[in-house]
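Undergrad: Can you keep this structure in mind? I'll have questions shortly.
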Amino acid sequence: MQLTAQGISTTLPAGWEGRISRRVDPTLDSAAAAAGFGTHGERTYPVAHLANFPLPEQRADFGSGAVDLMGPDHLFVCLFEYGPESVGTALFAPQGLPRKLRAAQFSPRALQHVIAGQSGFQRFFTEGNRAFCLFVVLGSHDNAPALVPLGNQVLSATTIEAR
Amino acid sequence: MAVLVTILAVVVGLLSLLVVGLLRSHAAILKQLHELGAGVGDPAERAGVRTPVEFKMQSGLPTLAGDTGFRDGADVRGNSVDDDVLALRVVGASHPTLLAFLSSSCLTCAGFWESFAEPDQLLLPESTRLVVVTKDASEESPSAIASLAPPGLPLVMSSAAWADYEVPGSPYFVFVDGPTGRVRGEGTGATWKQVANLLAQATGDLTFTAGPGAVRRSKPQSDADREREIDQQLLAAGILPGDPSLYPDAEPEQI
């Protein structure tokens with residue numbers, strides 16, 4: 001199943017689903033800012049959520065609300081884009097979306113919020129002159145040897161269009 | 001002159017035949033749509049007169065082989081009312097999916113939109129995922145759908161899904177078994193309660209009508225709370241959006 005939007009494209013394997021979104025930009029849309037869709041000065045950029053479980057509608061950018069529902073066989077992948085001012089900074093110096101993760105790279109300490117049994121991976125990088133954070137959550141750290149290759153399958157099928 | 005009159009008479013005759021043929025064809029199509037229940041939500045329909053087709057379910061669960069009585073389901077791809085691009089897994093999912101094909105204009109759909117506005121009251125089995133499917137923005141009013149969109153329920157604007165499931169009209173429901181990806185039941189009803197009753201009878205899962213399967217969805221406030229706290233601290237320190245101190249390495253003109 002193909003999913004393409006905002007210069008991000010991926011092919012989802014069996015059992016996976018996804019969503020690519022970009023919230024209304026309150027800085028460019030004063031009506032949206034007035035309606036409570038953020039604060040003036042805030043800029044928004046694309047976010048992709050990919051998962052092998054049903055994504056709930058209420059999700060935060062880095063998966064709060066979704067990761068809480070994960071079972072031991074589940075994976076959650078988040079690609080979060082940052083503004084162009086981040087390109088070229090030290091944090092985003094690594095080039096290219098990581099597509100070959102190893103189980104040893106996952107740690108419970110990499111989670112935004114520690115959830116018993118889960119572990120995560122976070123990497124800031126630049127691809128196509130665009131700054132991103134890749135955040136991957138495993139439903140069970142014990143299942144990392146089986147889950148990480150599934151994540152790599154999705155990441156290998158994901159491309160980012162240059163800006 | 002006589003030749004012209006004759007030609008005109010022949011043309012008028014042919015056109016009359018064409019019109020009669022079209023009217024007959026139109027009547028046949030309307031009759032078939034009515035039999036399928038597509039007129040259930042017709043705004044022209046008199047109040048209180050409803051003739052929904054039966055919600056038909058296959059007996060038993062489909063199996064991967066030898067279940068010719070079940071037709072194939074399809075994954076749902078489309079856009080949200082916020083113009084997100086989304087792909088929902090239906091085929092091969094570990095859970096069953098109930099697809100609710102609704103429109104913003106049909107009268108009967110109004111009752112379903114109202115029922116879906118409070119997902120916690122739907123008494124769906126926890127394993128069943130309810131997905132609302134409307135037609136594309138080219139055939140539906142996005143603003144009207146946005147005003148009706150139930151909070152907490154996935155809503156996909158996808159004319160392709162309507163075509164994939166051969167939806168005859170709205171409202172229409174399709175119940176898909178996830179592991180096999182086969183359609184287990186489909187049809188329409190006048191109210192959510194009626195559809196839920198039929199689903200309960202057909203699946204033997206009384207949760208559809210009796211609970212306690214209220215959909216439990218956590219509402220993530222963590223990010224919003226954290227952002228609010230950080231904003232408050234920055235504001236208290238006199239740092240407003242765009243403040244140069246937020247971009248220590250940037251050139252002034254780049255801010």
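Ligands are numbered from 1 in the order shown, chains are lettered A, B, ... in the order of the structure tokens, and residues start at 1 in each chain.
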As a PyMOL selection string, could you give me every residue of chain B near chain A (at most 6 Å apart, counting only C-alpha atoms)?

TA: chain B and resi 84-89+92-93+152+218+220+241

Undergrad: Next, the residues of the selection above should be written as a short mmCIF file (atom, residue, chain, number, x, y, z; two decimals), in the first residue's frame with N, CA, C and O atoms.

TA:
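Generated output (selection-v9.cif):
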```cif
data_model
loop_
_atom_site.label_atom_id
_atom_site.label_comp_id
_atom_site.auth_asym_id
_atom_site.auth_seq_id
_atom_site.Cartn_x
_atom_site.Cartn_y
_atom_site.Cartn_z
N ASP B 84 -4.91 15.44 5.59
CA ASP B 84 -3.87 14.44 5.78
C ASP B 84 -4.05 13.36 4.71
O ASP B 84 -5.17 13.12 4.26
N VAL B 85 -2.96 12.74 4.34
CA VAL B 85 -3.05 11.57 3.46
C VAL B 85 -2.92 10.34 4.34
O VAL B 85 -1.99 10.24 5.13
N LEU B 86 -3.87 9.44 4.25
CA LEU B 86 -3.81 8.29 5.14
C LEU B 86 -4.17 7.00 4.43
O LEU B 86 -4.88 6.99 3.43
N ALA B 87 -3.61 5.95 4.95
CA ALA B 87 -3.85 4.60 4.44
C ALA B 87 -4.20 3.73 5.63
O ALA B 87 -3.37 3.56 6.53
N LEU B 88 -5.42 3.23 5.66
CA LEU B 88 -5.87 2.39 6.77
C LEU B 88 -5.86 0.93 6.35
O LEU B 88 -6.38 0.57 5.29
N ARG B 89 -5.30 0.12 7.21
CA ARG B 89 -5.22 -1.31 6.91
C ARG B 89 -6.52 -1.98 7.30
O ARG B 89 -6.98 -1.88 8.43
N GLY B 92 -5.95 -8.04 6.24
CA GLY B 92 -4.78 -8.54 6.95
C GLY B 92 -4.62 -7.95 8.34
O GLY B 92 -3.67 -8.29 9.04
N ALA B 93 -5.55 -7.08 8.72
CA ALA B 93 -5.48 -6.52 10.07
C ALA B 93 -5.87 -7.61 11.07
O ALA B 93 -6.58 -8.56 10.73
N GLY B 152 -12.44 11.42 17.44
CA GLY B 152 -11.90 10.14 17.90
C GLY B 152 -12.14 8.98 16.95
O GLY B 152 -11.65 7.88 17.20
N SER B 218 -7.26 6.73 24.89
CA SER B 218 -6.58 7.71 25.72
C SER B 218 -6.47 9.01 24.94
O SER B 218 -6.27 9.00 23.73
N PRO B 220 -4.27 12.05 24.33
CA PRO B 220 -2.93 12.53 24.65
C PRO B 220 -2.90 14.03 24.90
O PRO B 220 -3.12 14.81 24.00
N PRO B 241 7.85 34.50 20.72
CA PRO B 241 8.17 33.79 19.48
C PRO B 241 9.03 34.64 18.55
O PRO B 241 8.78 35.83 18.39
#
```

Undergrad: Select from chain A everything DSSP, run on the backbone, classes as strand (DSSP E), then give the selection as number ranges by chain.

TA: A: 2-5, 8-11, 17-21, 47-51, 75-82, 119-127, 130-138, 158-160

Undergrad: Have a look at atom CA of His74 of chain A and atom CA of Gly120 of chain A and let me know their distance in Å, one decimal.

TA: 12.1 Å

Undergrad: I'd like the interatomic distance between atom CA of Ala161 of chain B and atom CA of Ser143 of chain B, to a tenth of an Å.

TA: 20.3 Å

Undergrad: Contacts of Gln153 of chain A at 9 Å or less, counting only C-alpha atoms, minus same-chain residues fewer than 3 places along, as a PyMOL selection string?

TA: chain A and resi 12-13+99-100+148-150+156-158

Undergrad: Taking N, CA and C atoms for each residue, export the selection above as a PDB file, in the first residue's frame.

TA:
```pdb
ATOM      1  N   LEU A  12       3.877   0.584   2.291  1.00  0.00           N
ATOM      2  CA  LEU A  12       3.605  -0.091   3.562  1.00  0.00           C
ATOM      3  C   LEU A  12       3.437  -1.589   3.335  1.00  0.00           C
ATOM      4  N   PRO A  13       4.162  -2.390   4.089  1.00  0.00           N
ATOM      5  CA  PRO A  13       3.987  -3.837   3.943  1.00  0.00           C
ATOM      6  C   PRO A  13       2.688  -4.304   4.573  1.00  0.00           C
ATOM      7  N   ARG A  99      18.279   3.549   7.572  1.00  0.00           N
ATOM      8  CA  ARG A  99      17.422   2.488   7.021  1.00  0.00           C
ATOM      9  C   ARG A  99      17.850   1.095   7.468  1.00  0.00           C
ATOM     10  N   LYS A 100      18.943   1.043   8.209  1.00  0.00           N
ATOM     11  CA  LYS A 100      19.410  -0.261   8.702  1.00  0.00           C
ATOM     12  C   LYS A 100      19.667  -0.147  10.198  1.00  0.00           C
ATOM     13  N   VAL A 148      12.883  -5.219  14.753  1.00  0.00           N
ATOM     14  CA  VAL A 148      13.742  -4.247  14.064  1.00  0.00           C
ATOM     15  C   VAL A 148      13.830  -4.515  12.553  1.00  0.00           C
ATOM     16  N   PRO A 149      13.940  -5.776  12.114  1.00  0.00           N
ATOM     17  CA  PRO A 149      13.940  -5.996  10.664  1.00  0.00           C
ATOM     18  C   PRO A 149      12.650  -5.536   9.985  1.00  0.00           C
ATOM     19  N   LEU A 150      11.524  -5.632  10.690  1.00  0.00           N
ATOM     20  CA  LEU A 150      10.264  -5.139  10.119  1.00  0.00           C
ATOM     21  C   LEU A 150      10.329  -3.622   9.940  1.00  0.00           C
ATOM     22  N   SER A 156      13.387   1.143   4.537  1.00  0.00           N
ATOM     23  CA  SER A 156      14.025   0.950   3.226  1.00  0.00           C
ATOM     24  C   SER A 156      13.087   1.337   2.095  1.00  0.00           C
ATOM     25  N   ALA A 157      11.787   1.231   2.343  1.00  0.00           N
ATOM     26  CA  ALA A 157      10.804   1.566   1.310  1.00  0.00           C
ATOM     27  C   ALA A 157      10.366   3.024   1.383  1.00  0.00           C
ATOM     28  N   THR A 158      11.036   3.793   2.238  1.00  0.00           N
ATOM     29  CA  THR A 158      10.644   5.201   2.440  1.00  0.00           C
ATOM     30  C   THR A 158      11.644   6.123   1.761  1.00  0.00           C
TER      31      THR A 158
END
```
